[in-house]
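Here's structure-v6.cif, which has mmCIF, C-alpha atoms and all ligand atoms:
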```
data_my_file
#
loop_
_atom_site.label_atom_id
_atom_site.label_comp_id
_atom_site.auth_asym_id
_atom_site.auth_seq_id
_atom_site.Cartn_x
_atom_site.Cartn_y
_atom_site.Cartn_z
CA MET A 1 -22.68 -23.00 24.31
CA ASN A 2 -25.94 -21.40 23.24
CA PHE A 3 -26.33 -18.18 21.30
CA PHE A 4 -29.19 -15.72 21.73
CA SER A 5 -30.43 -12.99 19.42
CA LEU A 6 -29.54 -9.44 20.43
CA ASN A 7 -33.07 -8.46 19.34
CA GLN A 8 -34.29 -10.77 22.16
CA ASN A 9 -37.13 -12.14 20.07
CA ALA A 10 -35.93 -15.49 18.72
CA PRO A 11 -35.15 -18.91 20.23
CA LYS A 12 -31.67 -19.69 21.51
CA VAL A 13 -29.60 -21.84 19.19
CA SER A 14 -26.40 -23.88 19.30
CA PHE A 15 -23.26 -22.93 17.35
CA ARG A 16 -24.36 -25.16 14.47
CA GLU A 17 -27.64 -23.41 13.95
CA ALA A 18 -26.21 -19.94 14.45
CA ALA A 19 -23.59 -20.67 11.77
CA ILE A 20 -26.15 -22.05 9.33
CA LYS A 21 -28.70 -19.30 9.91
CA GLY A 22 -26.23 -16.41 9.97
CA GLN A 23 -28.72 -13.98 11.41
CA ALA A 24 -31.51 -14.75 13.90
CA PRO A 25 -35.06 -14.89 12.51
CA ASP A 26 -35.91 -11.66 14.36
CA GLY A 27 -33.13 -9.91 12.41
CA GLY A 28 -30.80 -9.79 15.44
CA LEU A 29 -27.13 -10.77 15.66
CA TYR A 30 -26.30 -13.92 17.59
CA PHE A 31 -24.28 -13.50 20.79
CA PRO A 32 -22.85 -16.17 23.15
CA GLU A 33 -24.96 -16.73 26.25
CA THR A 34 -21.90 -16.63 28.51
CA ILE A 35 -18.37 -15.40 27.91
CA PRO A 36 -16.01 -18.33 28.55
CA THR A 37 -13.27 -17.86 31.14
CA LEU A 38 -10.01 -19.43 30.03
CA SER A 39 -8.05 -21.26 32.70
CA ALA A 40 -5.09 -19.57 34.39
CA ASP A 41 -3.01 -22.59 33.34
CA PHE A 42 -3.75 -21.98 29.69
CA LEU A 43 -3.17 -18.23 29.90
CA ASN A 44 0.10 -18.63 31.82
CA GLN A 45 1.46 -21.11 29.30
CA LEU A 46 0.65 -19.23 26.10
CA THR A 47 4.30 -18.84 25.11
CA ASP A 48 4.78 -22.62 25.21
CA LEU A 49 1.68 -23.64 23.29
CA GLU A 50 1.38 -24.46 19.60
CA ALA A 51 -0.85 -22.19 17.51
CA GLU A 52 -3.30 -25.00 16.78
CA GLU A 53 -3.63 -25.88 20.44
CA ILE A 54 -4.37 -22.23 21.23
CA GLY A 55 -6.93 -22.02 18.42
CA TYR A 56 -8.62 -25.22 19.53
CA THR A 57 -8.87 -24.17 23.18
CA VAL A 58 -10.33 -20.77 22.26
CA MET A 59 -12.88 -22.11 19.77
CA HIS A 60 -13.92 -25.27 21.56
CA SER A 61 -15.74 -23.32 24.26
CA TYR A 62 -17.98 -21.74 21.60
CA VAL A 63 -18.44 -24.69 19.26
CA GLY A 64 -19.11 -27.16 22.09
CA GLU A 65 -20.02 -30.64 20.92
CA ASP A 66 -21.41 -29.45 17.58
CA ILE A 67 -18.12 -30.44 15.93
CA GLY A 68 -16.10 -33.36 17.29
CA GLU A 69 -12.58 -32.77 18.58
CA ALA A 70 -10.70 -34.29 15.65
CA ASP A 71 -12.77 -32.40 13.07
CA LEU A 72 -12.53 -29.10 14.93
CA ARG A 73 -8.76 -29.47 15.23
CA LYS A 74 -8.55 -30.10 11.49
CA ILE A 75 -10.72 -27.04 10.75
CA ILE A 76 -8.52 -24.86 12.98
CA GLN A 77 -5.38 -26.20 11.37
CA GLU A 78 -6.70 -25.34 7.90
CA THR A 79 -7.95 -21.94 9.07
CA ILE A 80 -4.58 -20.78 10.38
CA SER A 81 -2.32 -22.56 7.92
CA PHE A 82 -0.35 -19.37 7.22
CA PRO A 83 1.88 -17.20 9.45
CA PHE A 84 0.72 -14.27 11.63
CA PRO A 85 4.03 -12.51 12.27
CA LEU A 86 4.38 -9.68 14.79
CA ILE A 87 6.86 -7.33 13.11
CA GLU A 88 8.67 -4.50 14.84
CA ILE A 89 8.15 -1.24 12.94
CA ASN A 90 10.01 0.82 15.52
CA GLU A 91 10.62 0.99 19.25
CA ASN A 92 6.99 1.81 20.11
CA ILE A 93 4.88 0.13 17.46
CA HIS A 94 4.72 -3.41 16.06
CA ALA A 95 2.48 -4.67 13.25
CA LEU A 96 0.56 -7.91 13.52
CA GLU A 97 0.50 -8.93 9.87
CA LEU A 98 -2.78 -10.62 9.06
CA PHE A 99 -2.33 -10.66 5.29
CA HIS A 100 -0.36 -13.82 4.62
CA GLY A 101 -3.45 -15.83 3.68
CA PRO A 102 -4.63 -16.54 0.14
CA THR A 103 -6.42 -13.21 -0.50
CA MET A 104 -3.99 -11.07 1.49
CA ALA A 105 -6.47 -9.69 4.03
CA PHE A 106 -7.48 -10.78 7.52
CA LYS A 107 -10.93 -11.80 6.27
CA ASP A 108 -9.33 -15.05 5.11
CA VAL A 109 -9.37 -16.33 8.70
CA GLY A 110 -13.10 -15.90 9.25
CA ALA A 111 -13.99 -17.03 5.74
CA ARG A 112 -11.89 -20.19 5.96
CA PHE A 113 -13.30 -21.17 9.34
CA MET A 114 -16.87 -20.51 8.29
CA SER A 115 -16.60 -22.38 4.98
CA ARG A 116 -15.26 -25.46 6.68
CA CYS A 117 -17.96 -25.34 9.36
CA LEU A 118 -20.69 -25.12 6.73
CA GLY A 119 -19.05 -27.96 4.79
CA HIS A 120 -19.07 -29.99 8.03
CA PHE A 121 -22.70 -29.22 8.87
CA ARG A 122 -24.02 -29.78 5.36
CA GLU A 123 -26.44 -32.66 5.04
CA LYS A 124 -25.49 -35.12 2.35
CA ASN A 125 -27.36 -34.58 -0.95
CA ASN A 126 -28.49 -31.12 0.13
CA PRO A 127 -26.49 -28.68 -1.92
CA ILE A 128 -25.79 -25.25 -0.44
CA THR A 129 -25.42 -22.05 -2.43
CA VAL A 130 -23.58 -19.24 -0.70
CA LEU A 131 -24.72 -15.91 -2.11
CA VAL A 132 -22.75 -12.76 -1.39
CA ALA A 133 -22.42 -9.21 -2.71
CA THR A 134 -19.02 -7.59 -2.44
CA SER A 135 -17.46 -4.19 -2.87
CA GLY A 136 -14.03 -5.85 -2.99
CA ASP A 137 -12.30 -7.68 -0.13
CA THR A 138 -15.08 -9.84 1.29
CA GLY A 139 -15.83 -11.55 -2.01
CA GLY A 140 -12.25 -12.66 -2.55
CA ALA A 141 -11.92 -14.07 0.96
CA VAL A 142 -15.25 -15.88 0.73
CA ALA A 143 -14.46 -17.23 -2.74
CA ASN A 144 -11.14 -18.55 -1.57
CA GLY A 145 -12.50 -19.88 1.71
CA PHE A 146 -15.11 -21.99 -0.09
CA TYR A 147 -12.98 -22.95 -3.09
CA GLU A 148 -13.31 -26.68 -3.72
CA VAL A 149 -15.39 -27.23 -0.55
CA ASP A 150 -17.59 -30.20 -1.45
CA GLY A 151 -21.28 -29.61 -2.12
CA ILE A 152 -21.12 -25.84 -1.77
CA GLU A 153 -21.53 -23.48 -4.69
CA VAL A 154 -20.58 -19.83 -4.22
CA VAL A 155 -22.17 -16.99 -6.19
CA ILE A 156 -20.51 -13.61 -5.82
CA LEU A 157 -21.98 -10.40 -7.19
CA PHE A 158 -19.60 -7.52 -7.76
CA PRO A 159 -20.05 -4.16 -9.47
CA SER A 160 -18.48 -4.18 -12.93
CA LYS A 161 -15.30 -2.06 -13.19
CA LYS A 162 -15.69 -0.83 -9.59
CA VAL A 163 -13.35 -3.22 -7.78
CA SER A 164 -9.56 -2.85 -7.85
CA PRO A 165 -7.57 -4.88 -10.41
CA VAL A 166 -6.16 -7.16 -7.70
CA GLN A 167 -9.60 -7.67 -6.18
CA GLU A 168 -11.04 -8.56 -9.59
CA LEU A 169 -8.31 -11.14 -10.09
CA GLN A 170 -9.15 -12.73 -6.76
CA LEU A 171 -12.86 -12.86 -7.61
CA THR A 172 -12.81 -14.07 -11.17
CA ARG A 173 -9.92 -16.49 -11.62
CA LEU A 174 -10.91 -19.44 -9.45
CA GLY A 175 -13.72 -21.05 -11.46
CA LYS A 176 -14.94 -24.53 -10.35
CA ASN A 177 -17.52 -24.03 -7.56
CA ILE A 178 -17.03 -20.24 -7.54
CA LYS A 179 -19.34 -18.26 -9.85
CA ALA A 180 -18.49 -14.59 -10.23
CA VAL A 181 -21.30 -12.39 -11.46
CA GLU A 182 -20.32 -8.98 -12.78
CA ILE A 183 -23.26 -6.61 -12.37
CA GLU A 184 -23.66 -3.61 -14.64
CA GLY A 185 -24.23 -1.24 -11.76
CA ASN A 186 -22.79 -0.29 -8.37
CA PHE A 187 -22.38 -2.11 -5.05
CA ASP A 188 -25.85 -1.05 -3.88
CA ASP A 189 -27.35 -2.76 -6.95
CA CYS A 190 -25.49 -5.98 -6.06
CA GLN A 191 -26.66 -5.78 -2.47
CA ARG A 192 -30.27 -5.16 -3.55
CA ILE A 193 -30.29 -8.24 -5.78
CA VAL A 194 -28.86 -10.38 -2.97
CA LYS A 195 -31.42 -9.09 -0.47
CA THR A 196 -34.27 -9.74 -2.92
CA ALA A 197 -32.97 -13.28 -3.50
CA PHE A 198 -33.05 -14.06 0.23
CA LEU A 199 -36.70 -12.96 0.38
CA ASP A 200 -37.57 -15.20 -2.59
CA LYS A 201 -38.87 -18.43 -0.97
CA GLU A 202 -38.83 -20.38 -4.24
CA LEU A 203 -35.19 -19.56 -4.89
CA THR A 204 -33.93 -20.03 -1.31
CA GLN A 205 -35.48 -23.51 -1.19
CA MET A 206 -34.42 -24.70 -4.61
CA LYS A 207 -30.84 -23.59 -4.22
CA GLY A 208 -30.36 -23.91 -0.44
CA LEU A 209 -29.32 -20.27 -0.28
CA THR A 210 -27.22 -19.07 2.63
CA SER A 211 -25.18 -15.94 3.27
CA ALA A 212 -21.50 -15.53 4.11
CA ASN A 213 -22.14 -12.26 5.82
CA SER A 214 -19.54 -10.95 8.27
CA ILE A 215 -22.02 -10.99 11.15
CA ASN A 216 -22.09 -14.81 11.08
CA VAL A 217 -20.63 -16.15 14.36
CA ALA A 218 -18.52 -18.62 12.35
CA ARG A 219 -16.75 -15.66 10.73
CA TRP A 220 -16.65 -13.45 13.80
CA LEU A 221 -15.44 -15.77 16.60
CA PRO A 222 -12.32 -17.34 14.99
CA GLN A 223 -10.83 -13.87 14.62
CA GLN A 224 -10.00 -14.12 18.32
CA ILE A 225 -7.32 -16.69 17.56
CA TYR A 226 -4.75 -14.29 16.14
CA TYR A 227 -5.03 -11.98 19.15
CA PHE A 228 -3.87 -14.92 21.28
CA LEU A 229 -1.08 -15.72 18.82
CA ALA A 230 0.04 -12.08 18.90
CA ILE A 231 0.11 -11.91 22.70
CA LYS A 232 2.11 -15.14 22.72
CA GLU A 233 4.76 -13.43 20.55
CA TRP A 234 4.50 -10.22 22.59
CA GLN A 235 5.13 -12.08 25.84
CA LYS A 236 8.09 -13.90 24.32
CA LYS A 237 9.59 -10.50 23.61
CA TYR A 238 8.48 -8.35 26.55
CA GLY A 239 7.43 -10.87 29.21
CA LYS A 240 4.20 -10.36 31.12
CA GLN A 241 4.96 -7.01 32.77
CA LEU A 242 4.24 -4.80 29.79
CA PRO A 243 0.84 -5.66 28.29
CA ALA A 244 0.25 -4.24 24.80
CA VAL A 245 -2.10 -1.56 23.58
CA VAL A 246 -3.81 -3.00 20.51
CA CYS A 247 -5.01 -0.77 17.68
CA VAL A 248 -7.52 -2.17 15.17
CA PRO A 249 -8.49 -0.43 11.90
CA SER A 250 -12.26 -0.69 12.10
CA GLY A 251 -15.23 -0.56 9.74
CA ASN A 252 -17.94 -2.98 10.75
CA PHE A 253 -16.23 -3.47 14.15
CA GLY A 254 -16.23 -7.26 13.93
CA ASN A 255 -12.47 -7.60 14.20
CA ILE A 256 -12.05 -5.37 17.25
CA CYS A 257 -15.09 -6.95 18.86
CA ALA A 258 -13.36 -10.35 18.57
CA GLY A 259 -10.34 -8.85 20.35
CA LEU A 260 -12.49 -7.41 23.12
CA LEU A 261 -14.12 -10.81 23.54
CA ALA A 262 -10.69 -12.47 23.80
CA LYS A 263 -9.76 -9.98 26.51
CA SER A 264 -13.01 -10.69 28.37
CA SER A 265 -12.01 -14.38 28.37
CA GLY A 266 -8.73 -13.47 30.07
CA LEU A 267 -6.26 -12.50 27.35
CA PRO A 268 -3.98 -9.83 28.86
CA ILE A 269 -4.30 -6.71 26.70
CA ARG A 270 -3.82 -3.28 28.20
CA HIS A 271 -6.21 -1.23 26.10
CA PHE A 272 -7.91 -1.17 22.70
CA LEU A 273 -7.97 1.57 20.10
CA ALA A 274 -10.54 1.49 17.30
CA ALA A 275 -9.02 3.43 14.42
CA CYS A 276 -11.52 4.81 11.91
CA ASN A 277 -11.23 6.78 8.71
CA LYS A 278 -13.66 9.66 8.04
CA ASN A 279 -16.52 7.30 8.86
CA ALA A 280 -16.58 8.29 12.50
CA VAL A 281 -19.88 7.10 13.97
CA VAL A 282 -18.18 5.28 16.85
CA PRO A 283 -15.61 7.96 17.78
CA GLU A 284 -18.50 10.43 17.87
CA TYR A 285 -20.57 8.08 20.00
CA LEU A 286 -17.75 7.71 22.54
CA GLU A 287 -17.45 11.48 22.71
CA THR A 288 -21.12 12.46 22.82
CA GLY A 289 -22.99 9.33 23.94
CA ILE A 290 -25.17 9.61 20.83
CA TYR A 291 -25.02 6.84 18.24
CA GLU A 292 -26.02 8.29 14.91
CA PRO A 293 -25.65 6.14 11.75
CA GLN A 294 -24.40 7.99 8.66
CA LYS A 295 -24.21 7.38 4.95
CA ALA A 296 -20.82 5.81 4.20
CA ILE A 297 -18.15 8.23 2.97
CA PRO A 298 -15.70 6.83 0.36
CA THR A 299 -12.04 6.90 1.49
CA LEU A 300 -8.66 5.36 0.60
CA SER A 301 -9.16 2.72 3.31
CA ASN A 302 -12.31 1.55 1.56
CA ALA A 303 -12.89 -1.67 3.52
CA MET A 304 -13.69 0.60 6.48
CA ASP A 305 -16.21 2.80 4.69
CA VAL A 306 -19.11 1.86 6.91
CA GLY A 307 -21.68 4.34 8.17
CA ASP A 308 -23.55 2.02 10.55
CA PRO A 309 -21.17 -0.64 11.90
CA SER A 310 -23.21 -3.81 12.33
CA ASN A 311 -21.04 -5.36 15.05
CA PHE A 312 -21.14 -2.37 17.38
CA VAL A 313 -24.25 -3.78 19.09
CA ARG A 314 -22.09 -6.73 20.12
CA ILE A 315 -19.61 -4.39 21.81
CA GLN A 316 -22.48 -2.70 23.62
CA GLU A 317 -23.79 -6.07 24.79
CA LEU A 318 -20.32 -7.16 25.93
CA PHE A 319 -20.09 -4.07 28.16
CA LYS A 320 -23.70 -4.09 29.36
CA HIS A 321 -24.63 -1.00 27.34
CA ASN A 322 -22.60 1.10 29.75
CA LEU A 323 -20.80 3.97 28.00
CA ASP A 324 -18.35 4.45 30.89
CA ILE A 325 -17.24 0.83 30.74
CA ILE A 326 -16.88 0.99 26.95
CA LYS A 327 -14.73 4.11 27.28
CA ALA A 328 -12.57 2.43 29.92
CA GLU A 329 -11.92 -0.49 27.53
CA MET A 330 -11.38 1.36 24.27
CA ASN A 331 -10.63 4.70 22.65
CA SER A 332 -11.69 5.51 19.14
CA SER A 333 -10.47 8.17 16.74
CA SER A 334 -10.89 9.23 13.14
CA THR A 335 -8.29 10.05 10.44
CA ASP A 336 -8.63 11.57 6.98
CA ASP A 337 -7.10 10.47 3.66
CA LEU A 338 -4.40 13.12 3.72
CA LYS A 339 -3.07 11.91 7.08
CA THR A 340 -3.34 8.32 5.85
CA LEU A 341 -1.12 9.12 2.85
CA ARG A 342 1.35 11.04 5.01
CA THR A 343 1.55 8.17 7.48
CA ILE A 344 2.33 5.67 4.71
CA ARG A 345 5.02 8.01 3.40
CA ASP A 346 6.57 8.85 6.78
CA VAL A 347 6.71 5.28 8.06
CA TRP A 348 8.24 4.19 4.76
CA ASN A 349 10.85 6.93 4.93
CA GLN A 350 11.67 6.61 8.63
CA ASP A 351 11.29 2.91 9.36
CA HIS A 352 11.26 1.37 5.90
CA TYR A 353 8.00 -0.44 6.65
CA MET A 354 5.25 -0.34 4.02
CA LEU A 355 1.78 0.11 5.49
CA ASP A 356 -1.42 -0.42 3.54
CA PRO A 357 -4.05 2.38 3.86
CA HIS A 358 -5.97 0.48 6.60
CA GLY A 359 -2.84 -0.23 8.61
CA ALA A 360 -1.85 3.41 8.14
CA VAL A 361 -5.10 4.61 9.74
CA ALA A 362 -4.28 2.36 12.70
CA TYR A 363 -0.64 3.46 12.88
CA HIS A 364 -1.70 7.09 12.97
CA ALA A 365 -4.21 6.44 15.75
CA LEU A 366 -1.73 4.50 17.89
CA SER A 367 1.08 7.03 17.49
CA GLU A 368 -1.30 9.88 18.42
CA TYR A 369 -2.41 7.92 21.50
CA GLN A 370 1.20 7.32 22.51
CA LYS A 371 1.83 11.07 22.56
CA SER A 372 -0.29 11.29 25.71
CA HIS A 373 0.64 7.76 26.93
CA PRO A 374 4.36 7.65 26.17
CA GLU A 375 5.09 4.61 28.35
CA GLN A 376 2.59 2.38 26.52
CA LYS A 377 3.90 0.18 23.74
CA GLY A 378 1.62 -1.65 21.38
CA PHE A 379 0.81 -3.08 17.99
CA ILE A 380 -1.51 -2.39 15.11
CA LEU A 381 -3.39 -5.01 13.14
CA GLU A 382 -2.10 -4.78 9.56
CA THR A 383 -5.29 -6.07 7.92
CA ALA A 384 -4.32 -6.11 4.24
CA ALA A 385 -1.20 -6.33 2.10
CA PRO A 386 -0.04 -3.03 0.57
CA ILE A 387 -0.02 -4.63 -2.91
CA LYS A 388 -3.83 -4.65 -2.84
CA PHE A 389 -3.64 -0.84 -2.99
CA GLN A 390 -0.88 -0.32 -5.55
CA GLU A 391 -2.10 3.12 -6.66
CA THR A 392 -2.39 4.58 -3.17
CA ILE A 393 1.04 3.25 -2.24
CA TYR A 394 2.48 4.85 -5.37
CA ASP A 395 0.77 8.18 -4.59
CA ALA A 396 2.07 8.13 -1.02
CA THR A 397 5.65 6.97 -1.58
CA GLY A 398 6.44 6.91 -5.29
CA VAL A 399 7.14 3.19 -4.90
CA ASN A 400 5.71 0.93 -7.59
CA LEU A 401 5.04 -2.39 -5.86
CA PRO A 402 5.40 -5.37 -8.20
CA LEU A 403 2.72 -8.07 -8.38
CA THR A 404 3.81 -11.00 -6.24
CA GLY A 405 4.05 -14.58 -7.45
CA SER A 406 0.55 -15.70 -6.47
CA LEU A 407 -1.07 -12.67 -8.11
CA LYS A 408 0.97 -13.15 -11.26
CA ALA A 409 -0.21 -16.74 -11.38
CA LEU A 410 -3.83 -15.58 -11.01
CA SER A 411 -3.50 -12.99 -13.76
CA ALA A 412 -2.27 -15.69 -16.14
CA LYS A 413 -5.49 -17.67 -15.60
CA GLU A 414 -8.65 -17.34 -17.63
CA LYS A 415 -11.36 -14.98 -16.36
CA HIS A 416 -14.56 -16.71 -15.24
CA ALA A 417 -17.42 -14.25 -14.84
CA VAL A 418 -20.83 -13.62 -16.33
CA LEU A 419 -21.89 -10.07 -17.03
CA LEU A 420 -25.52 -9.36 -16.09
CA GLN A 421 -27.80 -6.33 -16.01
CA ALA A 422 -28.62 -4.98 -12.56
CA ASP A 423 -32.02 -6.65 -12.60
CA TYR A 424 -33.31 -9.29 -10.19
CA ALA A 425 -35.37 -11.19 -12.77
CA VAL A 426 -32.33 -11.49 -15.04
CA PHE A 427 -30.21 -12.74 -12.14
CA LYS A 428 -32.79 -15.30 -11.01
CA LYS A 429 -33.19 -16.69 -14.51
CA TRP A 430 -29.41 -17.09 -14.77
CA LEU A 431 -29.10 -18.74 -11.36
CA LEU A 432 -31.83 -21.29 -12.10
CA SER A 433 -30.57 -22.11 -15.59
C1 LIG B 501 -12.91 -5.57 6.46
C2 LIG B 501 -11.65 -4.83 6.65
C3 LIG B 501 -11.43 -3.97 7.76
C4 LIG B 501 -12.51 -3.66 8.77
O1 LIG B 501 -12.77 -4.77 9.61
P1 LIG B 501 -14.12 -4.77 10.49
O2 LIG B 501 -14.13 -6.11 11.14
O3 LIG B 501 -15.24 -4.60 9.49
O4 LIG B 501 -14.04 -3.64 11.44
C5 LIG B 501 -10.19 -3.37 7.91
N1 LIG B 501 -9.22 -3.57 7.02
C6 LIG B 501 -9.37 -4.39 5.93
C7 LIG B 501 -8.25 -4.53 4.97
C8 LIG B 501 -10.59 -5.05 5.72
O5 LIG B 501 -10.73 -5.83 4.63
#
```
Go ahead and express the file in the form of structure tokens.
Ligand SMILES: *Cc1c(COP(=O)(O)O)cnc(C)c1O
Amino acid sequence: MNFFSLNQNAPKVSFREAAIKGQAPDGGLYFPETIPTLSADFLNQLTDLEAEEIGYTVMHSYVGEDIGEADLRKIIQETISFPFPLIEINENIHALELFHGPTMAFKDVGARFMSRCLGHFREKNNPITVLVATSGDTGGAVANGFYEVDGIEVVILFPSKKVSPVQELQLTRLGKNIKAVEIEGNFDDCQRIVKTAFLDKELTQMKGLTSANSINVARWLPQQIYYFLAIKEWQKKYGKQLPAVVCVPSGNFGNICAGLLAKSSGLPIRHFLAACNKNAVVPEYLETGIYEPQKAIPTLSNAMDVGDPSNFVRIQELFKHNLDIIKAEMNSSSTDDLKTLRTIRDVWNQDHYMLDPHGAVAYHALSEYQKSHPEQKGFILETAAPIKFQETIYDATGVNLPLTGSLKALSAKEKHAVLLQADYAVFKKWLLS
């Protein structure tokens, strides 16, 4: 399979090169040249197939011969080595829990797959440094994904005192090949330093700098796997006559775009809902036909505070830039913080299921949709564990969630982080020392 740049001004590349480069040299996102069609045999047998077999079949068509069968199977096995349960919240809505990985958010899947691909593609004696700025969740997933991967050093910049306590634990307690850099500034300062570093030819060559950005195909494509695993469970429960509506809490729109891609390859899904918080660029686009990027607005579901979703161009490409087709495939709506809190509270009181703020945005969107489509059952993607948002959960429900075993173990470990001024020269000197 070859990948082309959506800016149409760069050579086509194989999976290997797309994963190493991250972004095309013309600044575009890579997109598969054809959308694979999965065989009817495979799709009819989903309920009988093992998770790893499903993952391998889905990913092999994209990876091609760039990774041999045995190695790709091993990478898939390590990527999905934790459960993806589909839990019934009530009669109409299930939750696909994607937070049973090491950093308790769905980003573990993409980060684990990508790290192992880069480890596989790395040339012996050529060290790689993965450089990433994080406002919270991404850094933890990337750190964990690359932890103890041979020959790869990870440098994560995060704004001092501006990530949640749980997020800070996940960033700063690993040590070994993971270097956490606490910047005296905000997320924009971190991002600016990272961008400057990538433009610095001396540094990129000496350190073999690469990015673990979410637009990388090696992070984006494996997210399809859990949609297949969910439909397998759905069909076990409901058979094939009642396809699910799937609601995805969306920020950069990478996760939902993976689901739409899975459906284009044949996965039977009835309809998609993209649930947004107050950052409503896409819902407004679907309503007006005008795509107008905004400055991000801070909300309780902060991993979705995105004012110009980078993966939306992939959705447009998938549906040939045709607004009518996009609208036939997905709805999108926006929710505010007050409704998010009320949803967490109500679902806890009525169904005794604890949503995190991102899952709550999705739950609200799906239950609103079902008011006008009462015969359609579906599931939300529960993208993070509620414990990552202890304060919000307490405000919504009065419940004080205890730290779980793995977080307790992290908090007992020593903190590894260097504190640096928000200054590129200072950062570069530290990195080269
Ligand atoms: C990143 C993230 C999202 C948004 O996913 P996109 O692929 O950017 O749309 C939703 N929920 C959580 C918990 C996240 O970390």
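Using only C-alpha atoms, the shortest contact distance between A:Asn2 and any of A:Asp41, A:Glu17, A:Glu97, A:Glu184 is found at A:Glu17.
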Find the nearest atom pair between each residue of chain A and ligand LIG 501 (chain B) for residues within 6 Å, count all atoms listed in the file, give distances in Å to one decimal, sort rows by chain and ascending number, and present the table as JSON lines.
```
{"residue": "A:Ala105", "atom": "CA", "partner": "B:LIG501", "partner_atom": "C7", "distance": 5.5}
{"residue": "A:Asp137", "atom": "CA", "partner": "B:LIG501", "partner_atom": "O5", "distance": 5.3}
{"residue": "A:Pro249", "atom": "CA", "partner": "B:LIG501", "partner_atom": "C5", "distance": 5.2}
{"residue": "A:Ser250", "atom": "CA", "partner": "B:LIG501", "partner_atom": "O4", "distance": 3.5}
{"residue": "A:Gly251", "atom": "CA", "partner": "B:LIG501", "partner_atom": "O4", "distance": 3.7}
{"residue": "A:Asn252", "atom": "CA", "partner": "B:LIG501", "partner_atom": "O3", "distance": 3.4}
{"residue": "A:Phe253", "atom": "CA", "partner": "B:LIG501", "partner_atom": "O4", "distance": 3.5}
{"residue": "A:Gly254", "atom": "CA", "partner": "B:LIG501", "partner_atom": "O2", "distance": 3.7}
{"residue": "A:Asn255", "atom": "CA", "partner": "B:LIG501", "partner_atom": "O2", "distance": 3.8}
{"residue": "A:Ala303", "atom": "CA", "partner": "B:LIG501", "partner_atom": "C2", "distance": 4.6}
{"residue": "A:Met304", "atom": "CA", "partner": "B:LIG501", "partner_atom": "C4", "distance": 5.0}
{"residue": "A:His358", "atom": "CA", "partner": "B:LIG501", "partner_atom": "N1", "distance": 5.2}
{"residue": "A:Thr383", "atom": "CA", "partner": "B:LIG501", "partner_atom": "C7", "distance": 4.5}
{"residue": "A:Ala384", "atom": "CA", "partner": "B:LIG501", "partner_atom": "C7", "distance": 4.3}
```
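The smallest atom-to-atom distance between A:Arg16 and any of A:Leu169, A:Leu98, A:Ala218, A:Ile87, using only C-alpha atoms, is found for A:Ala218.
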Atom pair atom CA of A:Asp48 / atom CA of A:Lys232: separation (Å): 8.3 Å
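Straight-line separation from atom CA of A:Thr299 to atom CA of A:Ile183: 22.4 Å.
Distance-wise, atom CA of A:Val282 and atom CA of A:Asn311 end up 11.2 Å apart.
Of the residues listed (A:Tyr424, A:Phe121, A:Tyr62, A:Tyr285), A:Tyr285 shows the shortest atom-to-atom separation from A:Ser332; distances use all atoms listed in the file.
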Within 12 Å of A:Gly208 using only C-alpha atoms, minus same-chain residues under 4 positions, as number ranges by chain: A: 20-21, 122-123, 125-131, 151-154, 197-198, 200-204
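Using only C-alpha atoms, the smallest distance between any of A:Pro165, A:Pro222, A:Pro268, A:Pro102 and A:Gln235 comes from A:Pro268.
The smallest atom-to-atom distance between A:Phe228 and any of A:Glu287, A:Asn44, A:Asp423, A:Ser164, using only C-alpha atoms, is found for A:Asn44.
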Exercise: stretch 132-134 of chain A partners within 12 Å, all atoms listed in the file, chain neighbours under 4 positions left out, as number ranges by chain: A: 138-143, 153-160, 162-164, 167-168, 170-171, 178-183, 186-198, 209-214, 303
A:Gly378 environment, 8 Å, all atoms listed in the file, sequence neighbours closer than 5 positions dropped, as a PyMOL selection string: chain A and resi 92-94+244-247+366
Can you write out the residues you just picked, keeping C-alpha atoms, as a compact mmCIF listing (two decimals), in the frame of the given file?
```txt
# COMPACT_ATOMS: atom_id res chain seq x y z
CA ASN A 92 6.99 1.81 20.11
CA ILE A 93 4.88 0.13 17.46
CA HIS A 94 4.72 -3.41 16.06
CA ALA A 244 0.25 -4.24 24.80
CA VAL A 245 -2.10 -1.56 23.58
CA VAL A 246 -3.81 -3.00 20.51
CA CYS A 247 -5.01 -0.77 17.68
CA LEU A 366 -1.73 4.50 17.89
```
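Between A:Leu267 and the residues A:Trp234, A:Gln390, A:Gln294, A:Ile380, the shortest atom-to-atom distance, using only C-alpha atoms, involves A:Trp234.
Look at A:Ser301: the protein and nucleic acid residues within 10 Å of it, using only C-alpha atoms and passing over chain neighbours fewer than 6 places away, are Pro249, Ser250, Gly251, Cys276, Asn277, Lys278, Asp336, Asp337, Thr340, Asp356, Pro357, His358, Gly359, Ala360, Val361, Phe389 and Thr392 of chain A.
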Exercise: residues within 10 Å of coordinate (-11.3, -21.9, 22.6), counting only C-alpha atoms, as JSON, numbers by chain: {"A": [36, 37, 38, 53, 54, 55, 56, 57, 58, 59, 60, 61, 62, 63, 64, 221, 222, 224, 225, 262, 265]}
Using only C-alpha atoms, find each residue in stretch 231-308 of chain A having at least one atom no more than 12 Å away from stretch 29-32 of chain A; report its shortest atom-to-atom pair and that distance in Å (one decimal), rows by chain then rising number, as JSON lines.
```
{"residue": "A:Gly254", "atom": "CA", "partner": "A:Leu29", "partner_atom": "CA", "distance": 11.6}
{"residue": "A:Cys257", "atom": "CA", "partner": "A:Phe31", "partner_atom": "CA", "distance": 11.4}
{"residue": "A:Ala258", "atom": "CA", "partner": "A:Phe31", "partner_atom": "CA", "distance": 11.6}
{"residue": "A:Leu261", "atom": "CA", "partner": "A:Pro32", "partner_atom": "CA", "distance": 10.3}
```
